[in-house]
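Contents: one structure, followed by commentary.
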Number of protein chains: 2
Amino acid sequence: MKKYIGKQSVRFGNPPTVLEAAAIVGPKEGEGPLRDFYDVVSPDVLFGMDSWEKAESEMVRQSAELAAKKAGLHMEDIRYMLAGDLLSHNSGTNFGMRTFGRPFFGLYGACSAMGEGMGLGAMLLDGGYAEYVSVSASSHFCGAEKTFRFPLELGTQRPPTASWTVTGCGTAVLAAQGKGPYITSATTGAIVDMGITDANNMGAAMAPAAADVLINHFKDLNIGPDYYDMVITGDLGFIGRDLLLVLMDEAGYDLHKNLDDCGLLIYDRVTQDVHAGGSGCGCSAAVFASRLLAMLRKKEINRLLFVPTGALHSVASVQQGETMPAIAHAVAIENK
Amino acid sequence: MKKYIGKQSVRFGNPPTVLEAAAIVGPKEGEGPLRDFYDVVSPDVLFGMDSWEKAESEMVRQSAELAAKKAGLHMEDIRYMLAGDLLSHNSGTNFGMRTFGRPFFGLYGACSAMGEGMGLGAMLLDGGYAEYVSVSASSHFCGAEKTFRFPLELGTQRPPTASWTVTGCGTAVLAAQGKGPYITSATTGAIVDMGITDANNMGAAMAPAAADVLINHFKDLNIGPDYYDMVITGDLGFIGRDLLLVLMDEAGYDLHKNLDDCGLLIYDRVTQDVHAGGSGCGCSAAVFASRLLAMLRKKEINRLLFVPTGALHSVASVQQGETMPAIAHAVAIENK
């Protein structure tokens with residue numbers, strides 16, 4: 001049976017349920033506006049480990065384990081684990097997941113990983129390939145700075161366009177059957193590269209990818225932005241969000257009333273100096289697994305379009321003067 | 001409808017077809033035993049570009065484009081592109097795929113990427129989410145050495161257990177309908193870490209992961225190794241292959257007659273000095289897209305179990321003394 005619609009979307013015949021979720025974050029995130037919604041706030045940015053990379057893996061492990069436990073499941077009930085992160089060769093994820101012995105799909109979508117995983121995971125459930133899957137995405141400020149930018153010890157000044165990589169991991173357990181909220185549709189993004197070369201301005205690189213997937217989502221499903229109570233991007237930050245509004249205005253879609261960004265929710269702009277906003281795979285994942293799922297459950301919102309955004313550059317590509325490709329994936333989650 | 005069986009396998013109700021494939025390799029691979037089976041052998045390891053990373057991306061781009069063309073499809077017919085590579089942050093893949101504008105799932109499974117992609121791709125087709133998908137995996141010797149080991153300019157001596165990363169990209173175009181060969185089942189691997197710390201002995205790290213997925217495949221489908229005309233791992237090389245035979249013997253499965261390894265087929269051990277054998281995401285992908293698909297089409301074999309293998313370490317994990325997790329995915333491809 002054909003389940004795809006339009007250019008790049010899928011509408012689920014048996015919409016999978018977001019059964020449970022867990023969000024584990026670092027101390028800075030724990031001081032932010034969403035502090036009351038996380039499952040665990042670690043007082044220690046190393047999570048008891050002796051390196052940032054191991055800290056991220058420990059965060060991934062704890063988050064995946066906790067999400068399954070909250071869902072009342074044993075790890076053996078999870079048919080597939082899908083996950084990705086920002087470290088070179090997905091090492092936060094691979095080392096975090098290695099003890100579980102579950103069938104594993106490693107993803108790389110940079111900070112779009114949570115959207116990639118939730119879209120794929122929902123297809124695996126709706127398609128009859130699993131009863132339960134878990135989807136995780138993580139990032140660690142220190143590991144990301146070390147990987148992509150400068151040694152932290154240098155204290156390099158960050159430009160105002162730079163974002164702050166979230167130290168956090170969010171895991172969602174999705175189920176083929178359940179009481180909702182339901183994943184009703186998904187639009188898989190294409191890579192968009194508008195020629196941005198400034199790796200300290202990821203919002204500008206990602207905004208066109210977000211616009212592309214949003215426009216195709218609305219066209220494919222024949223709906224407008226007002227269908228959703230909230231459309232939330234992953235980590236565009238202030239600059240990327242403003243650019244996205246301009247791009248969407250130009251395309252004839254008014255998102256001024258209901259567009260938000262996980263990177264803007266996770267830190268307080270006044271008291272926490274994060275420049276353009278939060279970013280990282282863990283940003284959208286942790287915000288979804290805490291505040292957004294809570295909003296859906298409390299019916300503060302009933303229709304959410306979750307759009308994690310990723311910049312697909314690498315250290316080598318930036319050093320070689322390459323432009324920054326980006327991608328975004330849209331996942332619709334609804335009550336009823 | 002439930003399509004999963006046993007612990008970690010899927011049997012396809014509507015087995016997808018391997019419609020076409022394309023293999024593009026570098027000059028060293030073009031001198032190897034499979035030289036007559038590749039679509040393109042580049043005389044230039046840079047593929048006309050000015051960096052190894054850009055060379056890999058160009059190889060990915062050409063391979064994906066050629067596979068679609070050979071299948072008689074336009075790129076717009078490809079519903080999803082799934083792909084992965086070995087460079088940090090999948091940059092070979094991300095930059096290679098950025099011009100196509102197709103919905104894209106980036107994968108990271110190290111050298112198991114082709115198995116991960118073909119398994120997922122087959123689920124997307126069988127599940128009704130696409131008519132056509134393409135799956136690519138690539139690696140580049142120079143890029144991989146630069147990323148994981150030493151600057152090539154140092155001329156560092158390689159130990160006998162080391163493998164030679166294949167410069168190549170293989171793309172398979174899979175279709176929901178077709179005349180076969182068919183993807184009949186898939187077993188998604190779990191991460192296995194047996195404590196190997198020598199990053200120059202990836203065969204030893206990966207053999208237990210291959211054994212694990214093979215044993216679960218045979219159990220889940222209630223078949224033995226003799227069901228297949230050929231069981232072929234991705235890049236275990238001589239050492240890993242011997243270890244796998246021992247592990248399978250111990251588990252009561254005799255693979256002595258029909259086990260082979262893509263890393264052993266791709267280079268001539270006598271005339272091409274590659275030590276333990278070929279490796280890299282491009283190894284299993286290019287061998288599948290050339291020799292293996294030809295064998296299936298000519299009915300030299302009718303039942304193939306394709307088992308790409310990946311070592312999930314990173315540079316940082318090795319430097320921090322971590323052990324090497326590994327993973328393997330099994331995809332059954334059959335005529336009739």
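Please note that chains go A, B, ... in the order of the structure tokens, that every chain numbers its residues from 1, and that ligands are numbered from 1 in the order shown.
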What are the closest atom pairs, with distances in Å to one decimal, for each residue of chain A lying within 8 Å of chain B, using only C-alpha atoms, rows by chain and rising residue number, as JSON lines?
{"residue": "A:Met1", "atom": "CA", "partner": "B:Gly128", "partner_atom": "CA", "distance": 5.3}
{"residue": "A:Lys2", "atom": "CA", "partner": "B:Gly128", "partner_atom": "CA", "distance": 4.7}
{"residue": "A:Lys3", "atom": "CA", "partner": "B:Tyr129", "partner_atom": "CA", "distance": 5.3}
{"residue": "A:Tyr4", "atom": "CA", "partner": "B:Tyr129", "partner_atom": "CA", "distance": 5.2}
{"residue": "A:Gln8", "atom": "CA", "partner": "B:Pro103", "partner_atom": "CA", "distance": 6.3}
{"residue": "A:Val10", "atom": "CA", "partner": "B:Tyr129", "partner_atom": "CA", "distance": 6.8}
{"residue": "A:Glu53", "atom": "CA", "partner": "B:Ala316", "partner_atom": "CA", "distance": 7.8}
{"residue": "A:Arg79", "atom": "CA", "partner": "B:Gln8", "partner_atom": "CA", "distance": 7.0}
{"residue": "A:Leu86", "atom": "CA", "partner": "B:His89", "partner_atom": "CA", "distance": 7.3}
{"residue": "A:Leu87", "atom": "CA", "partner": "B:His89", "partner_atom": "CA", "distance": 7.6}
{"residue": "A:Ser88", "atom": "CA", "partner": "B:Ser88", "partner_atom": "CA", "distance": 4.8}
{"residue": "A:His89", "atom": "CA", "partner": "B:Ser314", "partner_atom": "CA", "distance": 5.7}
{"residue": "A:Asn90", "atom": "CA", "partner": "B:Tyr108", "partner_atom": "CA", "distance": 7.0}
{"residue": "A:Ser91", "atom": "CA", "partner": "B:Ser314", "partner_atom": "CA", "distance": 6.2}
{"residue": "A:Asn94", "atom": "CA", "partner": "B:Leu312", "partner_atom": "CA", "distance": 6.5}
{"residue": "A:Phe95", "atom": "CA", "partner": "B:Pro325", "partner_atom": "CA", "distance": 7.2}
{"residue": "A:Met97", "atom": "CA", "partner": "B:Ile191", "partner_atom": "CA", "distance": 7.4}
{"residue": "A:Arg98", "atom": "CA", "partner": "B:Ile191", "partner_atom": "CA", "distance": 5.1}
{"residue": "A:Thr99", "atom": "CA", "partner": "B:Ile191", "partner_atom": "CA", "distance": 7.6}
{"residue": "A:Phe100", "atom": "CA", "partner": "B:Ile191", "partner_atom": "CA", "distance": 7.9}
{"residue": "A:Gly101", "atom": "CA", "partner": "B:Ala190", "partner_atom": "CA", "distance": 5.2}
{"residue": "A:Arg102", "atom": "CA", "partner": "B:Ala190", "partner_atom": "CA", "distance": 5.0}
{"residue": "A:Pro103", "atom": "CA", "partner": "B:Ala190", "partner_atom": "CA", "distance": 4.3}
{"residue": "A:Phe104", "atom": "CA", "partner": "B:Ala190", "partner_atom": "CA", "distance": 5.4}
{"residue": "A:Phe105", "atom": "CA", "partner": "B:Glu116", "partner_atom": "CA", "distance": 6.9}
{"residue": "A:Gly106", "atom": "CA", "partner": "B:Tyr108", "partner_atom": "CA", "distance": 5.0}
{"residue": "A:Leu107", "atom": "CA", "partner": "B:Leu107", "partner_atom": "CA", "distance": 4.3}
{"residue": "A:Tyr108", "atom": "CA", "partner": "B:Gly106", "partner_atom": "CA", "distance": 5.0}
{"residue": "A:Gly109", "atom": "CA", "partner": "B:Gly106", "partner_atom": "CA", "distance": 5.6}
{"residue": "A:Ala110", "atom": "CA", "partner": "B:His89", "partner_atom": "CA", "distance": 7.5}
{"residue": "A:Glu116", "atom": "CA", "partner": "B:Phe105", "partner_atom": "CA", "distance": 6.9}
{"residue": "A:Met123", "atom": "CA", "partner": "B:Leu124", "partner_atom": "CA", "distance": 7.3}
{"residue": "A:Leu124", "atom": "CA", "partner": "B:Met123", "partner_atom": "CA", "distance": 7.3}
{"residue": "A:Gly127", "atom": "CA", "partner": "B:Gly127", "partner_atom": "CA", "distance": 4.8}
{"residue": "A:Gly128", "atom": "CA", "partner": "B:Lys2", "partner_atom": "CA", "distance": 4.7}
{"residue": "A:Tyr129", "atom": "CA", "partner": "B:Tyr4", "partner_atom": "CA", "distance": 5.2}
{"residue": "A:Ala130", "atom": "CA", "partner": "B:Tyr4", "partner_atom": "CA", "distance": 6.6}
{"residue": "A:Thr188", "atom": "CA", "partner": "B:Pro103", "partner_atom": "CA", "distance": 5.2}
{"residue": "A:Gly189", "atom": "CA", "partner": "B:Pro103", "partner_atom": "CA", "distance": 4.9}
{"residue": "A:Ala190", "atom": "CA", "partner": "B:Pro103", "partner_atom": "CA", "distance": 4.3}
{"residue": "A:Ile191", "atom": "CA", "partner": "B:Arg98", "partner_atom": "CA", "distance": 5.1}
{"residue": "A:Val192", "atom": "CA", "partner": "B:Arg98", "partner_atom": "CA", "distance": 6.5}
{"residue": "A:Asp193", "atom": "CA", "partner": "B:Arg98", "partner_atom": "CA", "distance": 7.0}
{"residue": "A:Leu312", "atom": "CA", "partner": "B:Asn94", "partner_atom": "CA", "distance": 6.5}
{"residue": "A:His313", "atom": "CA", "partner": "B:Ser91", "partner_atom": "CA", "distance": 6.8}
{"residue": "A:Ser314", "atom": "CA", "partner": "B:His89", "partner_atom": "CA", "distance": 5.7}
{"residue": "A:Val315", "atom": "CA", "partner": "B:Ser88", "partner_atom": "CA", "distance": 7.9}
{"residue": "A:Ala316", "atom": "CA", "partner": "B:Glu53", "partner_atom": "CA", "distance": 7.8}
{"residue": "A:Ser317", "atom": "CA", "partner": "B:Ser91", "partner_atom": "CA", "distance": 7.5}
{"residue": "A:Pro325", "atom": "CA", "partner": "B:Arg98", "partner_atom": "CA", "distance": 6.8}
**OP:** Identify all residues of region 24-264 of chain A in alpha helix (DSSP H) (DSSP on the backbone) and supply them as a PyMOL selection string.
**Re:** chain A and resi 27-30+52-70+91-97+113-126+141-148+202-221+237-251+262-264
With C-alpha atoms kept, could you save the residues just selected as a compact mmCIF listing (two decimals), in the first residue's frame?
# COMPACT_ATOMS: atom_id res chain seq x y z
CA PRO A 27 24.45 21.94 34.61
CA LYS A 28 24.10 24.99 32.34
CA GLU A 29 20.92 23.60 30.75
CA GLY A 30 19.68 22.80 34.25
CA TRP A 52 34.00 14.79 27.39
CA GLU A 53 33.50 12.04 24.83
CA LYS A 54 32.90 9.46 27.55
CA ALA A 55 30.62 11.93 29.32
CA GLU A 56 28.46 12.18 26.22
CA SER A 57 28.29 8.40 25.86
CA GLU A 58 27.27 8.04 29.50
CA MET A 59 24.54 10.62 28.95
CA VAL A 60 23.30 8.66 25.90
CA ARG A 61 23.33 5.39 27.82
CA GLN A 62 21.43 6.83 30.79
CA SER A 63 18.90 8.58 28.60
CA ALA A 64 18.10 5.47 26.51
CA GLU A 65 17.83 3.31 29.62
CA LEU A 66 15.66 5.80 31.48
CA ALA A 67 13.27 6.33 28.58
CA ALA A 68 12.66 2.57 28.29
CA LYS A 69 12.20 2.29 32.06
CA LYS A 70 9.71 5.16 32.14
CA SER A 91 31.27 8.10 18.96
CA GLY A 92 28.99 9.56 21.62
CA THR A 93 26.22 7.35 20.31
CA ASN A 94 28.21 4.24 19.43
CA PHE A 95 29.87 3.99 22.82
CA GLY A 96 26.69 4.92 24.65
CA MET A 97 24.65 2.23 22.93
CA ALA A 113 19.32 13.64 13.97
CA MET A 114 16.24 13.58 16.21
CA GLY A 115 13.99 14.41 13.27
CA GLU A 116 15.69 11.87 11.01
CA GLY A 117 15.35 9.20 13.69
CA MET A 118 11.73 9.95 14.57
CA GLY A 119 10.72 9.92 10.91
CA LEU A 120 12.50 6.65 10.20
CA GLY A 121 11.39 5.14 13.50
CA ALA A 122 7.76 5.98 12.78
CA MET A 123 8.05 4.27 9.37
CA LEU A 124 9.50 1.15 10.98
CA LEU A 125 6.56 1.03 13.41
CA ASP A 126 3.79 1.93 10.97
CA PHE A 141 29.25 21.55 24.56
CA CYS A 142 32.85 20.68 25.38
CA GLY A 143 33.06 17.77 22.94
CA ALA A 144 31.54 19.84 20.15
CA GLU A 145 33.85 22.81 20.74
CA LYS A 146 36.85 20.47 20.74
CA THR A 147 35.64 18.75 17.57
CA PHE A 148 34.52 21.71 15.51
CA MET A 202 24.88 27.98 11.40
CA GLY A 203 21.47 29.62 11.69
CA ALA A 204 21.99 31.24 8.29
CA ALA A 205 23.09 27.94 6.74
CA MET A 206 20.18 25.99 8.18
CA ALA A 207 17.29 28.42 7.68
CA PRO A 208 16.95 27.66 3.93
CA ALA A 209 16.87 23.91 4.65
CA ALA A 210 14.14 24.49 7.24
CA ALA A 211 12.20 26.63 4.76
CA ASP A 212 12.54 23.94 2.09
CA VAL A 213 11.20 21.12 4.24
CA LEU A 214 8.40 23.29 5.67
CA ILE A 215 7.22 24.43 2.24
CA ASN A 216 7.26 20.85 0.96
CA HIS A 217 5.47 19.63 4.07
CA PHE A 218 2.68 22.17 3.65
CA LYS A 219 2.38 21.46 -0.09
CA ASP A 220 2.51 17.67 0.24
CA LEU A 221 -0.16 17.62 2.96
CA GLY A 237 18.68 30.57 17.03
CA PHE A 238 17.71 34.22 16.73
CA ILE A 239 19.40 34.84 13.42
CA GLY A 240 18.22 31.69 11.72
CA ARG A 241 14.69 32.13 13.00
CA ASP A 242 14.48 35.65 11.59
CA LEU A 243 15.84 34.45 8.26
CA LEU A 244 13.35 31.59 8.18
CA LEU A 245 10.46 34.01 8.75
CA VAL A 246 11.66 36.10 5.81
CA LEU A 247 12.02 33.06 3.56
CA MET A 248 8.59 31.77 4.53
CA ASP A 249 7.01 35.20 4.04
CA GLU A 250 8.51 35.29 0.55
CA ALA A 251 7.04 31.86 -0.16
CA CYS A 262 14.27 24.78 20.58
CA GLY A 263 17.51 26.75 20.68
CA LEU A 264 15.58 29.77 21.92
**OP:** Rounded to one decimal place, report the CA of His140 (chain A)-CA of Thr161 (chain A) distance in Å.
**Re:** 19.2 Å
Neighbouring residues of Glu334 (chain B) were defined as those with any atom within 6 Å, considering only C-alpha atoms; residues of the same chain fewer than 5 positions away were excluded. Please report them as a compact mmCIF listing (two decimals) with N, CA, C and O atoms, in the first residue's frame.
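Heads up, here's the output in out.txt:
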# COMPACT_ATOMS: atom_id res chain seq x y z
N PRO B 181 17.29 -9.59 -8.69
CA PRO B 181 17.25 -10.35 -7.45
C PRO B 181 16.56 -9.58 -6.32
O PRO B 181 16.57 -8.36 -6.31
N TYR B 182 15.98 -10.35 -5.41
CA TYR B 182 15.14 -9.78 -4.36
C TYR B 182 15.84 -9.76 -3.01
O TYR B 182 16.56 -10.70 -2.66
N ASN B 302 22.59 -18.03 -6.39
CA ASN B 302 21.17 -17.67 -6.34
C ASN B 302 20.72 -17.19 -4.97
O ASN B 302 19.67 -16.58 -4.83
N ARG B 303 21.53 -17.48 -3.96
CA ARG B 303 21.19 -17.04 -2.61
C ARG B 303 22.44 -16.48 -1.96
O ARG B 303 23.40 -17.20 -1.68
Subject >> Contacts of Asp235 (chain B) within 7 Å, only C-alpha atoms, excl. fewer than 4 positions in-chain, as a ChimeraX atom specification >> reply: /B:261-263,278-279,283-284,309
**OP:** Report the distance between CA of Ile301 (chain B) and CA of Gly180 (chain B) in Å, rounded to one decimal place.
**Re:**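 Calculated distance between CA of Ile301 (chain B) and CA of Gly180 (chain B) is 13.1 Å.
With only C-alpha atoms as the atoms that count, the residue of B:Met49, B:Ala311, B:Met295, B:Val173 with the shortest distance to Cys281 (chain B) is B:Ala311.
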Subject >> Nearest-residue call for Ser134 (chain A), choices A:Pro151, A:Gly170, A:Pro160, A:Pro308, using only C-alpha atoms >> reply: A:Gly170
**OP:** From a DSSP calculation on the backbone, collect every residue of region 57-288 of chain A in strand (DSSP E or B) and output the set as an MDAnalysis selection string.
**Re:** chainID A and resid 80:84 103:107 132:139 164:165 168:175 182:187 190 192 230:233 259:261 278:279
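From CA of Thr171 (chain A) back to CA of Ile223 (chain A), the distance works out to 29.0 Å.
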**OP:** For Leu304 (chain A), list every protein, DNA or RNA residue within 8 Å, evaluated using only C-alpha atoms, and leave out those in the same chain fewer than 2 positions away; present the list as a list of chain:residue names.
**Re:** A:Tyr228, A:Asp229, A:Met230, A:Val231, A:Ile232, A:Leu296, A:Ile301, A:Asn302, A:Phe306, A:Ala332, A:Ile333, A:Glu334
